[in-house]
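Colleague: The following file, data-v8.cif, comprises mmCIF, C-alpha atoms:
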data_protein
#
loop_
_atom_site.label_atom_id
_atom_site.label_comp_id
_atom_site.auth_asym_id
_atom_site.auth_seq_id
_atom_site.Cartn_x
_atom_site.Cartn_y
_atom_site.Cartn_z
CA MET A 108 0.00 0.00 0.00
CA SER A 109 1.49 3.33 -1.01
CA ASN A 110 2.25 6.09 1.45
CA ASP A 111 0.32 8.46 -0.83
CA LYS A 112 -2.84 6.51 -0.29
CA ILE A 113 -2.31 6.47 3.46
CA LEU A 114 -1.50 10.17 3.47
CA ALA A 115 -4.72 10.86 1.57
CA LEU A 116 -6.63 8.95 4.21
CA ILE A 117 -4.93 10.96 6.97
CA PHE A 118 -5.69 14.23 5.16
CA SER A 119 -9.30 13.17 4.83
CA ALA A 120 -9.51 12.70 8.60
CA ILE A 121 -7.79 16.05 9.18
CA SER A 122 -10.22 17.74 6.78
CA GLU A 123 -13.05 16.62 8.98
CA ILE A 124 -11.36 18.24 11.97
CA ASN A 125 -10.80 21.40 9.92
CA GLN A 126 -14.52 21.69 9.25
CA GLN A 127 -15.06 22.39 12.94
CA ARG A 128 -12.25 24.94 13.19
CA GLU A 129 -11.96 28.65 12.64
CA PRO A 130 -10.02 29.67 9.50
CA GLU A 131 -6.99 30.74 11.54
CA HIS A 132 -6.83 27.34 13.22
CA GLN A 133 -6.96 25.22 10.09
CA ILE A 134 -4.39 22.47 9.73
CA VAL A 135 -2.64 22.77 6.40
CA LEU A 136 -2.86 19.53 4.44
CA GLU A 137 0.83 19.02 3.86
CA PRO A 138 2.97 16.02 4.75
CA ASP A 139 5.12 18.11 7.08
CA CYS A 140 2.22 19.73 8.92
CA VAL A 141 2.97 19.49 12.63
CA LEU A 142 0.16 17.76 14.46
CA PHE A 143 1.32 17.78 18.06
CA GLY A 144 4.06 19.24 20.19
CA ALA A 145 5.85 22.52 19.60
CA ASN A 146 3.97 24.44 16.87
CA GLY A 147 1.44 21.62 16.69
CA LYS A 148 -2.17 22.40 15.89
CA LEU A 149 -3.85 19.76 18.03
CA ASP A 150 -4.18 19.37 21.76
CA SER A 151 -4.00 15.89 23.23
CA LEU A 152 -7.76 15.29 23.09
CA ALA A 153 -7.96 16.34 19.46
CA LEU A 154 -4.97 14.16 18.56
CA VAL A 155 -6.53 11.14 20.26
CA SER A 156 -9.73 11.79 18.34
CA LEU A 157 -7.74 11.95 15.09
CA ILE A 158 -5.86 8.72 15.91
CA LEU A 159 -9.08 6.84 16.64
CA ASP A 160 -10.67 8.21 13.47
CA ILE A 161 -7.71 7.10 11.34
CA GLU A 162 -7.77 3.62 12.89
CA GLU A 163 -11.44 3.35 11.96
CA ARG A 164 -10.89 4.63 8.42
CA ILE A 165 -8.07 2.12 7.87
CA SER A 166 -10.29 -0.68 9.07
CA ASP A 167 -13.11 0.45 6.76
CA GLU A 168 -10.87 1.11 3.77
CA PHE A 169 -8.43 -1.78 3.95
CA GLY A 170 -10.20 -4.27 6.18
CA ILE A 171 -7.22 -4.37 8.53
CA ALA A 172 -7.46 -3.53 12.22
CA ILE A 173 -4.41 -1.72 13.54
CA THR A 174 -3.74 0.07 16.81
CA LEU A 175 -1.81 3.27 16.37
CA ALA A 176 -1.45 4.37 19.96
CA ASP A 177 -0.03 1.55 22.01
CA ASP A 178 3.11 0.54 23.85
CA ARG A 179 5.04 0.26 20.60
CA ALA A 180 4.14 3.77 19.46
CA MET A 181 5.06 5.14 22.87
CA SER A 182 8.43 3.40 22.71
CA GLN A 183 9.48 5.08 19.47
CA ARG A 184 12.41 7.42 19.75
CA ASN A 185 10.66 9.89 17.44
CA SER A 186 6.94 10.27 17.92
CA PRO A 187 4.95 8.80 15.01
CA PHE A 188 2.30 11.44 15.68
CA ARG A 189 4.46 14.50 15.23
CA THR A 190 3.62 15.16 11.57
CA ALA A 191 1.23 13.75 8.98
CA ALA A 192 4.18 12.23 7.08
CA ALA A 193 5.55 10.53 10.21
CA LEU A 194 2.11 9.15 10.94
CA ALA A 195 1.76 7.86 7.35
CA ASP A 196 5.14 6.14 7.62
CA TYR A 197 4.12 4.49 10.87
CA VAL A 198 0.77 3.35 9.45
CA ALA A 199 2.60 1.88 6.43
CA VAL A 200 4.87 -0.15 8.73
CA LEU A 201 1.91 -1.49 10.72
CA LEU A 202 -0.06 -2.35 7.58
CA GLY A 203 2.97 -4.03 6.06
CA GLU A 204 3.40 -6.19 9.15
CA ALA A 205 -0.29 -7.01 9.26
CA ALA A 206 -0.23 -8.11 5.63
CA ALA A 207 2.94 -10.22 6.02
CA MET B 234 -1.59 21.80 62.61
CA ASN B 235 -1.68 25.10 64.49
CA ARG B 236 -4.74 27.21 65.23
CA ILE B 237 -5.27 30.91 65.71
CA SER B 238 -8.60 31.73 67.34
CA VAL B 239 -10.38 35.00 67.83
CA GLY B 240 -13.43 35.06 70.07
CA THR B 241 -15.29 31.79 70.33
CA ASN B 242 -16.16 30.98 66.74
CA ASP B 243 -13.53 32.45 64.44
CA TYR B 244 -10.34 30.56 63.76
CA LEU B 245 -7.81 29.65 61.13
CA ASP B 246 -5.75 26.47 60.96
CA PHE B 247 -2.32 26.47 59.43
CA ARG B 248 0.63 24.17 59.07
CA ALA B 249 4.32 24.64 58.61
CA THR B 250 5.54 23.44 55.19
CA PRO B 251 9.19 22.52 55.76
CA TRP B 252 9.39 21.09 52.24
CA ASP B 253 9.21 24.67 50.95
CA MET B 254 12.46 25.41 52.75
CA ARG B 255 14.10 22.49 51.01
CA SER B 256 12.78 23.30 47.53
CA LEU B 257 12.39 27.06 47.58
CA GLY B 258 14.53 28.17 50.51
CA LEU B 259 11.44 29.71 52.12
CA ASN B 260 10.23 29.36 55.70
CA ALA B 261 6.57 28.94 54.75
CA ILE B 262 3.17 28.19 56.23
CA GLU B 263 -0.05 27.15 54.55
CA VAL B 264 -3.42 28.19 55.93
CA MET B 265 -5.69 25.18 55.59
CA ASN B 266 -8.92 26.48 57.08
CA LEU B 267 -10.36 29.93 57.51
CA ARG B 268 -13.58 30.21 59.52
CA TYR B 269 -15.12 33.55 60.40
CA HIS B 270 -18.55 34.98 61.03
CA ASP B 271 -18.08 38.63 60.22
CA VAL B 272 -15.57 40.94 58.62
CA SER B 273 -14.34 42.19 61.96
CA GLY B 274 -13.49 38.63 63.04
CA LEU B 275 -11.82 37.97 59.72
CA ASP B 276 -9.66 41.09 60.00
CA SER B 277 -8.66 40.11 63.52
CA LEU B 278 -7.67 36.62 62.38
CA LEU B 279 -5.49 38.02 59.62
CA ASP B 280 -3.91 40.51 62.04
CA GLU B 281 -3.05 37.61 64.34
CA LEU B 282 -1.69 35.59 61.44
CA LEU B 283 0.55 38.46 60.30
CA HIS B 284 1.74 38.90 63.87
CA TYR B 285 2.58 35.20 64.10
CA CYS B 286 4.48 35.36 60.81
CA SER B 287 6.45 38.36 61.98
CA LEU B 288 7.38 36.74 65.30
CA ASN B 289 8.38 33.46 63.67
CA THR B 290 10.32 34.92 60.72
CA ILE B 291 7.99 33.36 58.20
CA ASP B 292 8.98 34.16 54.60
CA LEU B 293 5.78 33.10 52.85
CA ALA B 294 2.18 32.44 53.89
CA TYR B 295 -0.22 30.96 51.38
CA LEU B 296 -3.81 29.80 51.23
CA ARG B 297 -6.78 29.18 48.98
CA VAL B 298 -10.26 30.54 49.58
CA ASP B 299 -13.54 29.90 47.82
CA SER B 300 -13.80 32.27 44.87
CA ALA B 301 -17.25 33.34 46.09
CA ASP B 302 -15.88 34.29 49.51
CA PHE B 303 -15.83 38.01 48.71
CA PRO B 304 -15.04 39.26 52.24
CA ALA B 305 -12.02 36.94 52.48
CA LYS B 306 -10.74 37.99 49.06
CA ALA B 307 -11.01 41.66 50.03
CA ALA B 308 -9.47 41.19 53.47
CA LEU B 309 -6.57 39.15 52.14
CA GLN B 310 -5.70 41.82 49.59
CA ASP B 311 -6.01 44.54 52.22
CA ALA B 312 -3.60 42.51 54.35
CA GLY B 313 -1.05 42.43 51.53
CA PHE B 314 -1.73 39.00 50.08
CA LYS B 315 -1.37 38.79 46.30
CA PHE B 316 -3.64 36.82 44.04
CA ILE B 317 -1.63 34.04 42.38
CA GLU B 318 -3.86 31.42 40.80
CA THR B 319 -7.33 30.04 40.38
CA SER B 320 -7.91 26.34 40.83
CA LEU B 321 -10.92 24.14 40.32
CA LYS B 322 -12.00 21.23 42.46
CA VAL B 323 -13.42 18.67 40.03
CA ALA B 324 -15.03 15.35 40.85
CA ASN B 325 -16.74 12.39 39.28
CA PRO B 326 -19.14 11.18 42.00
CA LYS B 327 -20.51 8.23 40.02
CA VAL B 328 -17.42 6.31 39.03
CA GLN B 329 -19.05 2.88 39.08
CA LYS B 330 -21.66 4.01 36.56
CA PHE B 331 -19.14 5.52 34.15
CA ASP B 332 -17.48 3.60 31.30
CA PHE B 333 -14.24 5.53 30.86
CA GLY B 334 -13.01 3.17 28.14
CA LYS B 335 -16.03 4.03 26.04
CA ILE B 336 -14.95 7.68 25.93
CA ILE B 337 -11.32 6.91 25.12
CA PRO B 338 -9.98 3.35 24.92
CA SER B 339 -8.11 2.23 28.04
CA ARG B 340 -5.11 0.83 26.22
CA PHE B 341 -2.31 0.95 28.72
CA CYS B 342 -1.46 -1.49 31.45
CA LEU B 343 -0.57 0.24 34.66
CA ARG B 344 1.37 -1.07 37.60
CA SER B 345 3.01 0.06 40.81
CA PRO B 346 6.51 1.42 40.25
CA LEU B 347 9.70 -0.20 41.44
CA GLU B 348 11.73 1.85 43.88
CA SER B 349 14.45 2.09 41.25
CA GLU B 350 12.00 3.86 38.91
CA PHE B 351 11.35 6.81 41.21
CA PRO B 352 14.13 8.92 39.69
CA GLN B 353 12.25 8.68 36.37
CA ILE B 354 8.98 9.71 38.04
CA ARG B 355 10.82 12.55 39.72
CA GLN B 356 12.16 13.69 36.36
CA ILE B 357 8.70 13.69 34.77
CA ALA B 358 7.33 15.65 37.74
CA HIS B 359 10.14 18.12 37.27
CA ASP B 360 9.62 18.56 33.53
CA ALA B 361 5.95 18.02 32.78
CA PHE B 362 4.07 20.76 34.59
CA ASP B 363 3.44 24.41 33.77
CA PHE B 364 0.58 25.12 36.14
CA SER B 365 0.32 25.08 39.93
CA ARG B 366 0.20 27.63 42.68
CA PHE B 367 4.00 27.68 42.55
CA HIS B 368 4.50 27.45 38.80
CA GLU B 369 2.08 30.39 38.46
CA ASP B 370 3.65 32.48 41.22
CA TYR B 371 5.58 35.20 39.42
CA ASN B 372 7.90 35.49 42.43
CA ILE B 373 9.19 31.95 41.96
CA SER B 374 11.45 30.90 39.12
CA LYS B 375 10.27 28.11 36.87
CA GLU B 376 13.21 25.98 37.95
CA ALA B 377 12.37 26.42 41.64
CA ALA B 378 8.73 25.48 41.02
CA ARG B 379 9.86 22.44 39.07
CA ARG B 380 12.25 21.43 41.83
CA ARG B 381 9.41 21.69 44.32
CA TYR B 382 7.30 19.26 42.26
CA ALA B 383 10.18 16.82 41.92
CA ASP B 384 10.75 16.97 45.69
CA TRP B 385 7.03 16.42 46.22
CA ILE B 386 7.41 12.99 44.64
CA ASP B 387 9.96 12.06 47.30
CA ASP B 388 7.61 13.29 50.02
CA MET B 389 4.62 11.36 48.69
CA PHE B 390 6.74 8.22 48.39
CA ALA B 391 7.87 8.65 52.01
CA GLN B 392 4.24 9.19 53.07
CA GLY B 393 3.22 5.90 51.49
CA LYS B 394 0.89 7.39 48.87
CA ASN B 395 -0.30 5.13 46.07
CA PHE B 396 1.57 5.32 42.78
CA LEU B 397 0.67 3.89 39.38
CA VAL B 398 2.90 4.09 36.33
CA TYR B 399 2.70 3.34 32.65
CA GLU B 400 5.92 2.02 31.21
CA ALA B 401 6.80 1.43 27.57
CA GLY B 402 10.09 0.45 26.03
CA GLY B 403 11.70 0.17 29.44
CA ALA B 404 10.97 3.76 30.41
CA ILE B 405 8.28 5.33 32.58
CA LYS B 406 5.99 7.42 30.40
CA SER B 407 3.27 8.49 32.85
CA PHE B 408 2.54 8.37 36.54
CA LEU B 409 -0.33 8.92 38.94
CA VAL B 410 -0.22 9.53 42.70
CA TYR B 411 -3.40 9.20 44.73
CA ASP B 412 -4.82 8.33 48.09
CA CYS B 413 -8.16 6.90 49.03
CA THR B 414 -10.55 6.61 51.93
CA ALA B 415 -12.34 3.53 53.18
CA GLU B 416 -15.56 4.95 51.74
CA GLY B 417 -14.20 4.76 48.21
CA THR B 418 -13.30 8.40 47.63
CA TYR B 419 -10.10 8.66 45.62
CA ASN B 420 -8.12 11.87 45.67
CA LEU B 421 -5.77 12.33 42.72
CA LEU B 422 -2.73 14.18 44.00
CA LEU B 423 -0.59 14.40 40.88
CA ALA B 424 -0.62 12.85 37.44
CA GLY B 425 1.65 13.56 34.52
CA SER B 426 3.24 12.25 31.38
CA GLU B 427 6.69 12.64 29.94
CA ARG B 428 6.64 16.10 28.38
CA SER B 429 7.50 14.96 24.86
CA GLN B 430 4.66 12.44 24.97
CA GLY B 431 1.89 14.49 26.51
CA TYR B 432 -0.34 13.41 23.65
CA LEU B 433 -0.79 10.07 25.33
CA SER B 434 -2.43 11.67 28.36
CA PRO B 435 -6.04 10.89 27.35
CA PHE B 436 -5.18 7.21 26.90
CA PHE B 437 -3.34 7.21 30.21
CA TRP B 438 -6.19 8.99 32.00
CA SER B 439 -8.70 6.51 30.64
CA SER B 440 -6.50 3.63 31.75
CA PHE B 441 -5.98 4.83 35.29
CA LEU B 442 -9.60 5.85 35.80
CA THR B 443 -10.64 2.39 34.61
CA GLN B 444 -8.17 0.85 37.05
CA LEU B 445 -9.42 2.94 39.98
CA LYS B 446 -12.97 1.94 39.06
CA ALA B 447 -11.86 -1.71 39.20
CA GLU B 448 -10.48 -1.00 42.68
CA ASN B 449 -14.07 -0.07 43.58
CA ALA B 450 -13.60 3.70 43.62
CA LYS B 451 -16.95 5.39 44.09
CA ARG B 452 -15.88 8.98 43.78
CA ILE B 453 -12.73 10.47 42.25
CA GLU B 454 -11.76 14.05 42.90
CA THR B 455 -8.83 16.34 42.26
CA VAL B 456 -7.81 19.97 42.06
CA VAL B 457 -6.62 21.44 38.77
CA SER B 458 -5.38 24.86 37.81
CA ALA B 459 -8.00 26.91 35.96
CA ALA B 460 -5.19 27.88 33.58
CA ASN B 461 -4.73 24.27 32.50
CA ILE B 462 -7.49 24.17 29.90
CA PRO B 463 -6.44 20.86 28.24
CA VAL B 464 -6.65 18.97 31.53
CA ILE B 465 -9.98 20.56 32.45
CA ASN B 466 -11.39 19.48 29.09
CA LEU B 467 -9.96 16.01 29.63
CA TYR B 468 -11.65 15.63 33.01
CA ALA B 469 -14.90 16.96 31.54
CA GLN B 470 -14.76 14.20 28.91
CA PHE B 471 -14.58 11.66 31.72
CA GLY B 472 -17.64 12.95 33.54
CA PHE B 473 -15.97 15.23 36.06
CA CYS B 474 -17.87 18.35 37.14
CA VAL B 475 -16.53 21.47 38.76
CA GLU B 476 -17.57 21.50 42.40
CA GLN B 477 -15.68 24.51 43.65
CA SER B 478 -13.43 27.24 42.38
CA LEU B 479 -10.68 28.53 44.61
CA PHE B 480 -8.50 31.62 44.56
CA GLY B 481 -4.92 31.20 45.74
CA PHE B 482 -3.16 34.01 47.57
CA HIS B 483 0.47 34.36 48.62
CA LYS B 484 2.08 36.87 50.95
CA TYR B 485 5.83 37.28 51.12
CA PHE B 486 7.28 38.70 54.30
CA HIS B 487 10.79 38.18 53.06
CA LYS B 488 11.79 36.90 49.67
CA PRO B 489 15.27 35.75 48.78
CA SER B 490 16.26 37.27 45.48
CA ASP B 491 17.21 34.00 43.84
CA ILE B 492 14.12 31.79 43.97
#
Turn this file's structure into structure tokens for me.

Modeller:
Amino acid sequence: MSNDKILALIFSAISEINQQREPEHQIVLEPDCVLFGANGKLDSLALVSLILDIEERISDEFGIAITLADDRAMSQRNSPFRTAAALADYVAVLLGEAAA
Amino acid sequence: MNRISVGTNDYLDFRATPWDMRSLGLNAIEVMNLRYHDVSGLDSLLDELLHYCSLNTIDLAYLRVDSADFPAKAALQDAGFKFIETSLKVANPKVQKFDFGKIIPSRFCLRSPLESEFPQIRQIAHDAFDFSRFHEDYNISKEAARRRYADWIDDMFAQGKNFLVYEAGGAIKSFLVYDCTAEGTYNLLLAGSERSQGYLSPFFWSSFLTQLKAENAKRIETVVSAANIPVINLYAQFGFCVEQSLFGFHKYFHKPSDI
């Protein structure tokens, strides 16, 4: 599964969040958009909501159940939730393992 | 606990806080209870308190009063106390009826920490917090406030408080300190996550609330800074309601220049 397809799915979930936000708080749909942490656009509750939404979309779209926020994610040296691109990379790894 | 009384019905209870000497270099007292029936009694109590502080070379006196206690707020300011912070007492009184995992999945396994892990907990307590009556006191440096929170971990460990931690990849990521009564009321004293991974807080909160529910908690309560909007929203998600708002006041009688 290509990262582009995963990134599109992530952007689709972010777009839904954007619909509830004021123009000045929109999250730009770019791979390097910072989701959380310094200069991040989401607080922890919003990030959790996004993570759960993406898990659900992946299950619906690809028929594969993955858990994004778990012990493994928390053990990563670099957070997989920092940017949309980092999240897409992490999803690709999990999907690859699930398919193997 | 010490008591200053005026007349038959007015009194205030206070305690020495020697841990503030260790962390902040301040000889401090905390007023725990302020009971008065009229403004004259209140003024007399504060006069007596100031007199006590002067006689005992107290550097700092601090207390919280109900935000609707207008006479106390006025009298404290007239007596030279400065407003420092607002805090909210929040509680979920129906824990057994609440499915925390339905709000946010309870994904993390929690356990009691090993003694060897306390330096990690101490480090998180040092790094993770921006809000408290000391972090928000403009007279106290951020580093001193952080040191006080790290030292607080040592004190709570020595006092035998309950600790839970979440560990991943061999490192402590989050911790919770609490105590509980026989009646099933759980008081959350301090909870935090490694600063770089604060995004996991909702999962951690869901996990520890679910665990306390399994321990048969009936009511869970805590005090949070009104400035800490993300945590207030988090508690609201989990069915906590604001029960009381409190204004915190500090009065310095002598302040070292380097705290």

Colleague: Do you know which residues the PyMOL selection byres ((chain A) within 10 of (chain B)) returns on this file, as a compact mmCIF listing (two decimals) with C-alpha atoms, in the coordinates of the input?

Modeller:
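Dumped everything to selection15.txt:
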# COMPACT_ATOMS: atom_id res chain seq x y z
CA PHE A 143 1.32 17.78 18.06
CA GLY A 144 4.06 19.24 20.19
CA ALA A 145 5.85 22.52 19.60
CA LEU A 149 -3.85 19.76 18.03
CA ASP A 150 -4.18 19.37 21.76
CA SER A 151 -4.00 15.89 23.23
CA LEU A 152 -7.76 15.29 23.09
CA ALA A 153 -7.96 16.34 19.46
CA LEU A 154 -4.97 14.16 18.56
CA VAL A 155 -6.53 11.14 20.26
CA SER A 156 -9.73 11.79 18.34
CA LEU A 159 -9.08 6.84 16.64
CA THR A 174 -3.74 0.07 16.81
CA ALA A 176 -1.45 4.37 19.96
CA ASP A 177 -0.03 1.55 22.01
CA ASP A 178 3.11 0.54 23.85
CA ARG A 179 5.04 0.26 20.60
CA ALA A 180 4.14 3.77 19.46
CA MET A 181 5.06 5.14 22.87
CA SER A 182 8.43 3.40 22.71
CA GLN A 183 9.48 5.08 19.47
CA ARG A 184 12.41 7.42 19.75
CA ASN A 185 10.66 9.89 17.44
CA SER A 186 6.94 10.27 17.92
CA PHE A 188 2.30 11.44 15.68
CA ARG A 189 4.46 14.50 15.23

Colleague: When you draw a straight line from CA of Leu421 (chain B) to CA of Ile453 (chain B), how long is it in Å?

Modeller: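 Interatomic distance, CA of Leu421 (chain B) to CA of Ile453 (chain B): 7.2 Å.
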
Colleague: If I put a ball of radius 12 Å at (-12.1, 18.6, 12.6) in the file's coordinates, which residues poke into it when counting all atoms listed in the file, written as a PyMOL selection string?

Modeller: chain A and resi 117-130+132-134+148-149+152-154+156-157+160

Colleague: Nearest residue to Thr319 (chain B) out of B:Asp299, B:Asp253, B:Asp387, B:Glu448, using all atoms listed in the file?

Modeller: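 Looking at the shortest contact to Thr319 (chain B), the residue is B:Asp299.
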
Colleague: Can you turn the PyMOL selection byres ((chain B and resi 483) around 10) into a concrete residue list for this file, as a PDB file with C-alpha atoms, in the frame of the given file?

Modeller:
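What ended up in expr_24.pdb:
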ATOM      1  CA  GLU B 263      -0.050  27.150  54.550  1.00  0.00           C
ATOM      2  CA  LEU B 293       5.780  33.100  52.850  1.00  0.00           C
ATOM      3  CA  ALA B 294       2.180  32.440  53.890  1.00  0.00           C
ATOM      4  CA  TYR B 295      -0.220  30.960  51.380  1.00  0.00           C
ATOM      5  CA  LEU B 296      -3.810  29.800  51.230  1.00  0.00           C
ATOM      6  CA  ARG B 297      -6.780  29.180  48.980  1.00  0.00           C
ATOM      7  CA  LEU B 309      -6.570  39.150  52.140  1.00  0.00           C
ATOM      8  CA  GLN B 310      -5.700  41.820  49.590  1.00  0.00           C
ATOM      9  CA  GLY B 313      -1.050  42.430  51.530  1.00  0.00           C
ATOM     10  CA  PHE B 314      -1.730  39.000  50.080  1.00  0.00           C
ATOM     11  CA  LYS B 315      -1.370  38.790  46.300  1.00  0.00           C
ATOM     12  CA  PHE B 316      -3.640  36.820  44.040  1.00  0.00           C
ATOM     13  CA  ILE B 317      -1.630  34.040  42.380  1.00  0.00           C
ATOM     14  CA  GLU B 318      -3.860  31.420  40.800  1.00  0.00           C
ATOM     15  CA  ARG B 366       0.200  27.630  42.680  1.00  0.00           C
ATOM     16  CA  PHE B 367       4.000  27.680  42.550  1.00  0.00           C
ATOM     17  CA  ASP B 370       3.650  32.480  41.220  1.00  0.00           C
ATOM     18  CA  ASN B 372       7.900  35.490  42.430  1.00  0.00           C
ATOM     19  CA  GLY B 481      -4.920  31.200  45.740  1.00  0.00           C
ATOM     20  CA  PHE B 482      -3.160  34.010  47.570  1.00  0.00           C
ATOM     21  CA  LYS B 484       2.080  36.870  50.950  1.00  0.00           C
ATOM     22  CA  TYR B 485       5.830  37.280  51.120  1.00  0.00           C
ATOM     23  CA  PHE B 486       7.280  38.700  54.300  1.00  0.00           C
TER      24      PHE B 486
END

Colleague: Grab all the atoms of region 376-395 of chain B that the file lists, wrap them in a box along x, y and z, add 5 Å per side, and give me centre plus edge lengths in Å (one decimal) as lines of an AutoDock Vina configuration file.

Modeller:
center_x = 6.5
center_y = 15.8
center_z = 45.5
size_x = 23.5
size_y = 31.3
size_z = 25.1

Colleague: Residues at most 9 Å from Glu163 (chain A), counting only C-alpha atoms, excluding those fewer than 5 positions away in the same chain, as a PyMOL selection string?

Modeller: chain A and resi 158+168+172-173

Colleague: Please produce a file of the residues just selected, as a short mmCIF file (atom, residue, chain, number, x, y, z; two decimals), keeping the file's coordinate frame, where the atoms kept are C-alpha atoms.

Modeller:
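Resulting contents of part12.cif:
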data_model
loop_
_atom_site.label_atom_id
_atom_site.label_comp_id
_atom_site.auth_asym_id
_atom_site.auth_seq_id
_atom_site.Cartn_x
_atom_site.Cartn_y
_atom_site.Cartn_z
CA ILE A 158 -5.86 8.72 15.91
CA GLU A 168 -10.87 1.11 3.77
CA ALA A 172 -7.46 -3.53 12.22
CA ILE A 173 -4.41 -1.72 13.54
#

Colleague: Could you list, as a list in words, every residue within 12 Å of Ala192 (chain A), counting all atoms listed in the file and ignoring same-chain residues fewer than 4 positions away?

Modeller: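 In the requested format, the answer is Asn110, Asp111, Lys112, Ile113, Leu114, Ala115, Leu116, Ile117, Phe118, Leu136, Glu137, Pro138, Asp139, Cys140, Val141, Leu142, Ser186, Pro187, Phe188, Asp196, Tyr197, Val198 and Ala199 of chain A.
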
Colleague: If you measure from CA of Ala377 (chain B) to CA of Val264 (chain B), what distance in Å do you get, rounded to one decimal?

Modeller: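 Computed distance, CA of Ala377 (chain B) to CA of Val264 (chain B), equals 21.4 Å.
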
Colleague: Measure the distance from CA of Thr455 (chain B) to CA of Phe471 (chain B) in Å and round it to one decimal.

Modeller: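 CA of Phe471 (chain B) lies 12.9 Å from CA of Thr455 (chain B).
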
Colleague: Kindly resolve the PyMOL selection byres ((chain B and resi 247) around 12) on the present coordinates and return the residues as a PyMOL selection string.

Modeller: chain B and resi 234-238+244-246+248-250+261-268+278-279+282+285-286+294-297

Colleague: Name the residues in contact with Cys413 (chain B) at a cut-off of 12 Å, using only C-alpha atoms, excluding same-chain residues fewer than 4 positions from it; report them as a ChimeraX atom specification.

Modeller: /B:393-396,417-422,445,448-455

Colleague: Select, from B:Lys330, B:Arg355, B:Lys488, B:His368, the residue with the minimum atom-to-atom distance to Trp385 (chain B), counting all atoms listed in the file.

Modeller: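 Of B:Lys330, B:Arg355, B:Lys488, B:His368, the one nearest Trp385 (chain B), counting all atoms listed in the file, is B:Arg355.
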
Colleague: So, counting only C-alpha atoms, which residue among A:Val135, A:Ile165, A:Leu175, A:Ala207 is closest to Leu194 (chain A)?

Modeller: A:Leu175
